[in-house]
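Report on the structure given below.
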2 protein chains.
Amino acid sequence: MTTTRSGRPALTRPDGTPLRVLVVDDDPDLAEVLTGALRYEGWEVRAAGDGASALAAARELLPDAVVLDVLLPDTDGFAVLRRLHEVKPDVCVLFLTARDAVEDRIAGITAGGDDYVTKPFSLEEVVARLRGLLRRAGMARQLEEGPRLVVGDLVMDEEAREVTRAGELIELSPTEFELLRFLMRNPRRVLSKAQILDRVWSYDFGGQAHVVELYISYLRKKLDAGRAPMIHTVRGAGYLLKPVLV
Amino acid sequence: MTTTRSGRPALTRPDGTPLRVLVVDDDPDLAEVLTGALRYEGWEVRAAGDGASALAAARELLPDAVVLDVLLPDTDGFAVLRRLHEVKPDVCVLFLTARDAVEDRIAGITAGGDDYVTKPFSLEEVVARLRGLLRRAGMARQLEEGPRLVVGDLVMDEEAREVTRAGELIELSPTEFELLRFLMRNPRRVLSKAQILDRVWSYDFGGQAHVVELYISYLRKKLDAGRAPMIHTVRGAGYLLKPVLV
DNA sequence: CGGCGGACTCAGAGGAAGCTCAGAGCGTTC
DNA sequence: GAACGCTCTGAGCTTCCTCTGAGTCCGCCG
């Protein structure tokens with residue numbers, strides 16, 4: 001079995017080949033960031049900058065999923081979506097859209113099983129949504145485990161957005177939730193504050209690493225209060241989530 | 001058993017193949033939205049833009065149901081209907097029609113067991129009507145369970161449009177009913193306001209998420225009044241319906 | 001042992017998200 | 001045409017979240 005830069009086994013389809021995703025965005029920087037993050041997660045990634053080349057790439061790659069900017073230089077999301085479905089009817093689509101975009105049209109677009117994320121987004125958000133889409137499509141073997149993340153006695157239900165430790169419900173704010181999700185998806189591994197900022201906060205967030213410390217502190221208060229700690233500081237390197245035993 | 005992107009088991013015919021539906025509408029955007037939504041619900045979907053190609057597709061697909069726009073560029077829905085019945089006599093038809101259309105003609109046609117929806121419609125509406133048609137026709141195995149949705153002590157009879165909690169009847173307006181139906185079809189899962197707008201409100205509704213909050217508030221007043229709450233707000237994410245226990 | 005930089009925590013400003021009330025518009029009914 | 005029910009808009013209010021700044025603590029190094 002192949003493994004990825006993240007250390008997790010590569011996502012594969014039922015026939016053993018890696019899951020394929022097409023990233024379509026006319027901002028090359030953003031496309032680059034997305035491509036990097038998804039490749040890191042074990043996807044086979046291709047990128048395109050406009051609708052026409054996206055369709056060409058789709059015909060060649062036959063992607064399992066597409067990350068698609070709604071505003072493209074040459075066409076709109078509806079047209080691309082229609083043509084994509086002609087090429088591959090069961091493709092999953094994750095739309096990227098500005099928060100203030102003409103939402104009435106967007107509204108209809110996502111009506112199927114597809115999903116969307118508003119800019120500016122965090123990479124964790126994109127990755128999580130994409131996993132959700134694929135899981136619901138029953139596409140990837142590894143994803144069929146279900147929407148639960150488990151580290152020791154800590155359990156996260158991503159669909160219900162519920163977190164429990166030792167069976168006890170823990171209430172989290174949106175940012176706390178995303179931070180913990182990132183930690184739980186990378187257990188027993190030191191994550192630097194820069195890495196955390198890149199993944200959990202929006203890509204246009206200009207803030208400082210101090211915010212990470214602050215939110216780690218929040219999480220500790222809620223997660224580790226009165227229990228054996230699961231979040232550990234590695235001075236000069238970052239943070240580490242691991243089960244109490246082992 | 002295969003599952004759909006909605007997470008529900010796929011609709012299948014008595015012989016195990018998925019239920020087949022043909023979508024006929026000359027607005028490609030609308031056809032795309034319908035196609036996506038129905039595919040998400042587990043249907044095998046084909047689309048056509050006019051009467052001639054609809055008949056061609058029908059001969060090939062032999063659909064169990066047809067979603068049929070009354071106003072087509074080359075002919076009208078009734079002519080198509082007649083020819084459809086020649087191709088497949090037991091096909092179920094759901095008409096799409098403008099509100100001010102000649103409703104008496106529709107009424108006559110639908111007397112035979114078919115049904116219709118006026119534009120603009122919500123996707124929940126279309127999906128529910130189609131399920132109703134098929135159930136009455138005794139076509140789908142999974143649909144024979146009956147028209148009841150149950151979450152905890154909350155029970156919805158979709159056919160009778162009756163809702164009870166702990167045996168007590170709860171009166172709901174049409175929009176409240178559809179909102180609750182959507183929630184009950186996705187229990188223990190956080191639904192974003194955008195998702196809710198997409199499914200419950202008409203596809204051309206330009207309004208804001210505020211309406212969802214308002215109707216959630218109505219529902220809570222009727223459903224949760226003086227009882228343990230079943231509708232939960234997940235700040236920054238959406239709403240969640242779950243039974244009181246567990 | 002003293003100083004320094006990294007890490008932690010608290011308090012609070014500012015803003016975002018959500019709730020509810022009141023009422024206008026509209027279609028239906030009698 | 002008056003009365004009703006339903007839907008949606010607007011505004012005020014509350015609650016909660018996020019981030020900044022400042023002070024403190026702690027480990028590490030000279």
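Just remember, in the structure tokens the first chain shown is A, the second B, etc., residues are 1-based per chain, and ligands are 1-based in the order shown.
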Within 9 Å of chain C, which residues of chain B are there when counting only C-alpha atoms (C1' of nucleotides)? Please give them as an MDAnalysis selection string. chainID B and resid 210 213:214 217 233 235:236
Keeping N, CA, C and O atoms for every residue in the selection just given, could you write it to a file as an mmCIF file, in the first residue's frame?
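File result23.cif, as written:
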```cif
data_model
loop_
_atom_site.group_PDB
_atom_site.id
_atom_site.type_symbol
_atom_site.label_atom_id
_atom_site.label_comp_id
_atom_site.auth_asym_id
_atom_site.auth_seq_id
_atom_site.Cartn_x
_atom_site.Cartn_y
_atom_site.Cartn_z
ATOM 1 N N HIS B 210 -31.992 34.442 7.066
ATOM 2 C CA HIS B 210 -32.801 34.883 8.195
ATOM 3 C C HIS B 210 -34.153 34.181 8.253
ATOM 4 O O HIS B 210 -34.677 33.895 9.321
ATOM 5 N N GLU B 213 -34.009 30.974 10.188
ATOM 6 C CA GLU B 213 -34.041 31.204 11.641
ATOM 7 C C GLU B 213 -35.472 31.434 12.104
ATOM 8 O O GLU B 213 -35.909 30.897 13.123
ATOM 9 N N LEU B 214 -36.177 32.226 11.329
ATOM 10 C CA LEU B 214 -37.543 32.560 11.704
ATOM 11 C C LEU B 214 -38.411 31.296 11.776
ATOM 12 O O LEU B 214 -39.133 31.078 12.743
ATOM 13 N N SER B 217 -37.633 29.090 14.569
ATOM 14 C CA SER B 217 -38.243 29.643 15.773
ATOM 15 C C SER B 217 -39.726 29.268 15.864
ATOM 16 O O SER B 217 -40.232 28.899 16.925
ATOM 17 N N THR B 233 -29.473 24.355 18.001
ATOM 18 C CA THR B 233 -28.662 25.262 17.194
ATOM 19 C C THR B 233 -27.205 24.891 17.363
ATOM 20 O O THR B 233 -26.732 24.720 18.472
ATOM 21 N N ARG B 235 -24.053 26.704 16.593
ATOM 22 C CA ARG B 235 -23.622 28.040 16.201
ATOM 23 C C ARG B 235 -22.550 27.972 15.128
ATOM 24 O O ARG B 235 -21.587 27.235 15.240
ATOM 25 N N GLY B 236 -22.745 28.748 14.081
ATOM 26 C CA GLY B 236 -21.762 28.785 13.008
ATOM 27 C C GLY B 236 -21.864 27.633 12.043
ATOM 28 O O GLY B 236 -21.164 27.589 11.043
#
```
Within 12 Å of chain A, which residues of chain D show up? Give each one with its shortest atom-to-atom distance in Å (one decimal) and the two atoms involved, counting only C-alpha atoms (C1' of nucleotides), rows by chain then rising residue number, as a Markdown table.
```
| residue | atom | partner | partner_atom | distance |
| --- | --- | --- | --- | --- |
| D:DC16 | C1' | A:Ser173 | CA | 9.0 |
| D:DC17 | C1' | A:Ser173 | CA | 7.3 |
| D:DT18 | C1' | A:Thr175 | CA | 8.8 |
| D:DC19 | C1' | A:Val211 | CA | 7.3 |
| D:DT20 | C1' | A:Val211 | CA | 9.5 |
| D:DG21 | C1' | A:His210 | CA | 11.2 |
| D:DC26 | C1' | A:Arg235 | CA | 10.9 |
| D:DG27 | C1' | A:Arg235 | CA | 8.9 |
| D:DC28 | C1' | A:Arg235 | CA | 10.4 |
```
Report as JSON, numbers by chain the set of chain B residues whose atoms approach chain A to within 10 Å, with distances computed over only C-alpha atoms. {"B": [2, 3, 4, 5, 6, 7, 8, 28, 29, 30, 31, 32, 33, 34, 35, 36, 37, 38, 39, 40, 41, 45, 122, 123, 124, 187, 188, 189, 190, 191, 194, 195, 196, 197, 198, 199, 201, 202, 203, 204, 205, 206, 207, 208, 234, 235, 236, 237, 238, 239, 240, 241, 242]}
DSSP-assigned strand (DSSP E or B) members of region 99-227 of chain B, reported as a list in words: Asp115, Tyr116, Val117, Thr118, Lys119, Arg148, Leu149, Val150, Val151, Leu154, Val155, Met156, Asp157, Glu162, Val163, Thr164, Arg165, Glu168, Leu169, Ile170 and Leu191 of chain B
Excluding same-chain residues fewer than 5 positions from region 218-220 of chain A, what lies within 7 Å of it counting only C-alpha atoms (C1' of nucleotides), as a count of residues only? 3
How many Å lie between CA of Glu168 (chain B) and CA of Arg129 (chain B), rounded to one decimal? 25.9 Å
Picked from region 62-217 of chain B by DSSP as alpha helix (DSSP H), as number ranges by chain: B: 77-87, 103-110, 123-136, 174-185, 193-200, 210-217
Report the distance between CA of Leu245 (chain A) and CA of Arg131 (chain A) in Å, rounded to one decimal place.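 CA of Leu245 (chain A) sits 28.9 Å away from CA of Arg131 (chain A).
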Report, in Å to a single decimal, how far apart CA of Glu44 (chain A) and CA of Leu19 (chain A) are. 6.0 Å
